[in-house]
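Student: This structure is in structure tokens; I'll ask about it shortly.
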Amino acid sequence: MTGTAKAGTAGQRRAVFAVDEDAALAALEQAWADGGYHAFSVDHGTWSAVGSAGVVLTGAIPDELDRKIRAHWQEMQ
């Protein structure tokens with residue numbers, strides 16, 4: 001087992017647990033933009049989003065950021 005999987009483009013290989021950052025950012029934005037969250041980004045492994053009140057939420061992986069956004073959103077309801 002080599003720890004890599006074929007990506008869908010031109011035979012490039014990506015680590016099995018590597019995240020397609022562009023796709024993950026697009027999914028987060030699609031899921032949460034209408035909820036008041038914006039400026040989704042990832043920098044050196046830290047995923048972040050800014051809420052409409054200016055609060056910055058972060059996570060180590062996209063799923064963690066999604067959980068934090070969901071919890072924050074529920075608190076604001």
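Going through the structure tokens in order, the chains are called A, B, and so on, while each chain numbers its residues from 1 and the ligands are numbered from 1 in the order shown.
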Which polymer residues have any atom within 12 Å of an atom of stretch 50-60 of chain A, counting only C-alpha atoms, with same-chain residues fewer than 5 positions away left out, as a list in words?
Tutor: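 Near stretch 50-60 of chain A, the qualifying residues are Val19, Leu28, Glu29, Trp32, Ala33, Asp34, Gly35, Gly36, Tyr37, His38, Ala39, Phe40, Ser41, Val42, Asp43, His44, Gly45, Leu65, Asp66, Arg67, Lys68, Ile69, Arg70, Ala71, His72, Trp73 and Met76 of chain A.
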Student: Among the residues of chain A, find those DSSP assigns to alpha helix (DSSP H) from the backbone and print them as a PyMOL selection string.
Tutor: chain A and resi 21-32+62-76
Student: Provide the atom CA of A:Glu64 to atom CA of A:Leu25 distance in Å, to one decimal place.
Tutor: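 Going from atom CA of A:Glu64 over to atom CA of A:Leu25 covers 12.9 Å.
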Student: Mind listing the strand (DSSP E) residues of stretch 9-75 of chain A, per DSSP on the backbone, as JSON, numbers by chain?
Tutor: {"A": [13, 14, 15, 37, 38, 39, 40, 41, 42, 43, 46, 47, 48, 49, 50, 51, 56, 57, 58, 59]}
Student: Using Å and a single decimal, report how far atom CA of A:Gln77 sits from atom CA of A:Ala23.
Tutor: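 Rounded to one decimal, the two atoms are 28.0 Å apart.
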